[in-house]
Structure formats: C-alpha cells, structure tokens
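> Pasting a structure here, questions to come.
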Amino acid sequence: MSLDQNTLAQAAERLEEAERTRVACRQFSLDHPDMTIDDAYAIQHVWMQLKLRKGRTVKGHKIGLTSKAMQRAVNIGEPDYGTLLDDMFYRDGAVIPSERFLQLKIEAELAFVLARPLSGPDCTLFDVLDATAYVTPALEILDARIQRVDPETKRMRNVFDTISDNAANAALVLGGRPFKPALVDADMRRIGAIVSRNGEVEETGLAAGVLNHPGYGVAWLANRLHRFGVTLQPGQVILAGSFIRPIEVGKGDTVVADFGEFGTVSCHFG
C-alpha cells in the first residue's frame with residue numbers, strides 16, 4: 001500500500017462526512033494518484049470499522065463489476081466487493097427516503113442467503129450451492145459519496161474511488177420468491193429480470209451475465225476474503241452482482257424488477 005494509516009483514517013472520515021451532509025467529496029485518486037487497489041480496500045475497511053464503532057452491524061457483502069465488459073471499462077481484472085450493514089436493508093415495496101442519498105442508481109440481481117459458513121481458499125460453485133439456504137431477487141441501491149466527475153478537471157472517478165466508497169453500495173431491497181438452489185428446475189443462469197422505472201422498461205438481463213453463474217461470484221468472494229481471515233457467515237446476505245446496467249433514479253420514481261416465475265421486487269423513492 002502507498003497510503004499510511006493517518007491518510008486512511010482521514011479518507012474514511014471524508015466518506016462519513018459526505019454521507020452525512022450529502023455533499024460528495026473529492027476523488028481520492030486525484031489527491032493520491034499512486035494509490036493502489038489495496039489502498040482502496042483499506043479505505044473501505046477503515047470506513048466500515050468506523051461505522052461498526054458507531055453501532056452498525058455487518059449483515060452481508062456485495063459483489064460488483066462481475067461482467068467482463070464492466071471490468072474492461074474500468075481497467076480491472078476481477079470483480080470488486082463491499083459490505084452490507086444492518087441499516088441498508090429495505091423490505092419489498094418500501095418507500096425509500098431519497099434525501100438519504102446523494103447520486104442514486106439501482107441494479108437488479110440475485111441475493112444468496114447462507115445457511116452454513118463459507119470460506120476459501122478453494123471455495124467452488126458447488127460449495128456455494130451446498131451452503132446456501134435460499135436465493136431471492138434483489139435490487140441494489142447504488143450511491144456515490146465521492147464525486148463521479150471532478151468539477152475542475154472533468155475527470156471521471158476511477159475504480160479505486162469506487163472501491164473506497166464501499167464499492168458504491170448504499171442499500172438493498174429483497175423480494176420476489178425465495179428458492180432453494182437444489183429445487184430450481186431451470187438453469188439458474190437463465191433467470192432473467194425486466195426492470196421498469198415508472199412503468200417503462202429500462203433494462204433487461206440474464207443471471208448468466210454474472211460470471212456465467214451468480215454462484216461463481218459468491219465463491220470468488222469467499223476465496224478473496226480468505227486472505228484476510230474472513231469467513232462468510234450463516235445468515236449473511238451476499239448480493240451476487242447485477243445483470244443489468246445501472247439505472248439512474250430519483251425522488252418520485254418507482255422501480256419494479258420482474259423476475260418471471262421468481263416474482264417481483266420493487267421500491268419507491270419518496
């Protein structure tokens with residue numbers, strides 16, 4: 001890493017302040033052009049530890065950048081990940097206060113809820129399916145506590161900024177019909193979502209867009225976190241990665257994701 005502990009702590013405080021005031025902070029990659037992916041995850045970790053000291057609890061993890069196209073677009077060779085905290089969860093059909101967020105976007109994906117611990121270094125798709133209590137449709141709500149575009153240079157934030165910013169995660173909605181992987185007659189890769197905003201279809205996609213099977217993302221995460229001594233725990237929710245492009249949303253918008261035989265999941269931004 002190129003950043004010292006004091007710099008990491010300052011970056012975490014900047015993220016916390018941006019979230020509290022709803023004013024995005026300057027891109028870290030502009031202030032620290034030599035920062036690495038390890039620096040980015042270190043900032044994320046220090047920020048999450050700050051939240052835990054303030055009373056939050058870890059309820060799961062998210063996986064992002066699961067498509068090759070997205071990885072190439074941001075010049076990274078693997079997915080990224082973030083942490084799901086207890087105050088990020090909303091019920092299906094919830095009215096979500098838009099003033100809580102800065103720059104809202106939303107994605108559709110599948111969430112894995114674990115029945116047993118899952119750890120690396122050699123976790124496989126079959127281990128994931130065996131350890132999963134059930135899978136359910138989900139909406140992931142994205143936000144940007146770091147400026148997406150620098151107002152002075154017009155430079156777009158890069159993947160190190162996004163990873164620092166808890167991989168852009170802000171909240172999630174679980175809904176639809178929960179199912180056990182072993183009881184799905186169809187190939188899970190072929191589960192699709194039709195996502196509408198205010199009654200108009202915005203995006204569609206198949207679960208195969210997530211590393212050819214969303215369970216591969218969960219296995220990747222278990223293996224990636226093993227190097228830090230972290231095990232995915234029973235009851236944790238793992239967002240396996242979106243199979244649509246992010247949709248911009250704002251106050252007054254209603255989003256519905258139709259997963260066919262697996263039901264719908266929706267929310268309204270009030």
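For the structure tokens, the naming scheme is as follows: chains receive sequential letters (A, B, ...) according to their order of presentation, residues are indexed from 1 within each chain, and ligands are indexed from 1 in presentation order.
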Using only C-alpha atoms, determine which residues lie at most 7 Å from Thr254 in chain A, disregarding the query and same-chain residues fewer than 2 positions distant; provide the list as a ChimeraX atom specification.

/A:197-198,252,256,267-269

> Run DSSP on the backbone and grab whatever in range 25-239 of chain A lands in alpha helix (DSSP H); send it over as a PyMOL selection string.

chain A and resi 28-31+37-53+68-74+125-131+159-164+214-226

> Restrict the calculation to only C-alpha atoms, then for each residue of range 115-144 of chain A with any atom at most 8 Å from an atom of range 82-106 of chain A give the closest atom pair and their distance in Å to one decimal, rows by chain and rising residue number, as JSON lines.


```
{"residue": "A:Leu139", "atom": "CA", "partner": "A:Ile106", "partner_atom": "CA", "distance": 6.7}
{"residue": "A:Glu140", "atom": "CA", "partner": "A:Ile106", "partner_atom": "CA", "distance": 5.6}
{"residue": "A:Ile141", "atom": "CA", "partner": "A:Ile106", "partner_atom": "CA", "distance": 4.6}
{"residue": "A:Leu142", "atom": "CA", "partner": "A:Lys105", "partner_atom": "CA", "distance": 4.9}
{"residue": "A:Asp143", "atom": "CA", "partner": "A:Leu104", "partner_atom": "CA", "distance": 5.0}
{"residue": "A:Ala144", "atom": "CA", "partner": "A:Gln103", "partner_atom": "CA", "distance": 5.7}
```

> Quick one: everything within 12 Å of Leu114 in chain A, counting only C-alpha atoms, minus sequence neighbours fewer than 2 positions away in the same chain. Send it as a VMD selection string.

chain A and resid 59 to 61 111 to 112 116 to 119 127 to 136 180 to 181 215 218 222 231 to 239

> Pick out the residues sitting within 12 Å of His226 in chain A, and hand them over as a list in words; count only C-alpha atoms, and ignore anything fewer than 2 positions along from it in its own chain.

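The filter keeps Leu118, Ser119, Gly120, Pro121, Asp122, Cys123, Ala219, Trp220, Leu221, Ala222, Asn223, Arg224, Phe228, Gly229, Val230, Thr231 and Leu232 of chain A.
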
> Export, as a PDB file, in the first residue's frame, the selected residues with C-alpha atoms.


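Here's the written file out-v6.pdb:
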```pdb
ATOM      1  CA  LEU A 118     -18.369 -20.414   3.522  1.00  0.00           C
ATOM      2  CA  SER A 119     -14.639 -19.832   3.254  1.00  0.00           C
ATOM      3  CA  GLY A 120     -11.673 -20.101   0.908  1.00  0.00           C
ATOM      4  CA  PRO A 121      -9.103 -20.632  -0.323  1.00  0.00           C
ATOM      5  CA  ASP A 122     -10.662 -23.303  -2.546  1.00  0.00           C
ATOM      6  CA  CYS A 123     -14.375 -22.487  -2.440  1.00  0.00           C
ATOM      7  CA  ALA A 219     -17.250 -18.412  -4.493  1.00  0.00           C
ATOM      8  CA  TRP A 220     -14.876 -15.703  -5.720  1.00  0.00           C
ATOM      9  CA  LEU A 221     -15.747 -13.540  -2.706  1.00  0.00           C
ATOM     10  CA  ALA A 222     -15.160 -16.382  -0.222  1.00  0.00           C
ATOM     11  CA  ASN A 223     -11.758 -17.025  -1.772  1.00  0.00           C
ATOM     12  CA  ARG A 224     -10.864 -13.316  -1.974  1.00  0.00           C
ATOM     13  CA  PHE A 228      -7.854 -11.530   5.350  1.00  0.00           C
ATOM     14  CA  GLY A 229      -9.095 -14.377   7.543  1.00  0.00           C
ATOM     15  CA  VAL A 230     -12.745 -13.533   6.813  1.00  0.00           C
ATOM     16  CA  THR A 231     -15.385 -16.290   6.537  1.00  0.00           C
ATOM     17  CA  LEU A 232     -18.863 -15.685   5.112  1.00  0.00           C
TER      18      LEU A 232
END
```

> Using only C-alpha atoms, I'd like a table of the residues in range 52-169 of chain A that come within 10 Å of range 187-191 of chain A; for each, show the closest atom pair and its distance in Å rounded to one decimal, ordered by chain and ascending number, as a Markdown table.


```
| residue | atom | partner | partner_atom | distance |
| --- | --- | --- | --- | --- |
| A:Glu109 | CA | A:Ile191 | CA | 9.8 |
| A:Leu110 | CA | A:Ile191 | CA | 9.2 |
| A:Pro137 | CA | A:Ile191 | CA | 9.9 |
```

> How many Å lie between CA of Gly250 in chain A and CA of Val149 in chain A, rounded to one decimal?

18.5 Å

> As a PyMOL selection string, please: all residues of range 77-144 of chain A that backbone DSSP puts in strand (DSSP E or B).

chain A and resi 80-85+89-90+94-96+105-114+118+132-142

> My list of candidates is A:Pro79, A:Glu16, A:Leu206, A:Gln27. Which is closest to Lys54 in chain A when distances are computed with only C-alpha atoms?

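For Lys54 in chain A, the nearest of the candidates is A:Glu16.
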
> For CA of Ser242 in chain A and CA of Glu13 in chain A, quote the distance in Å rounded to one decimal.

28.6 Å
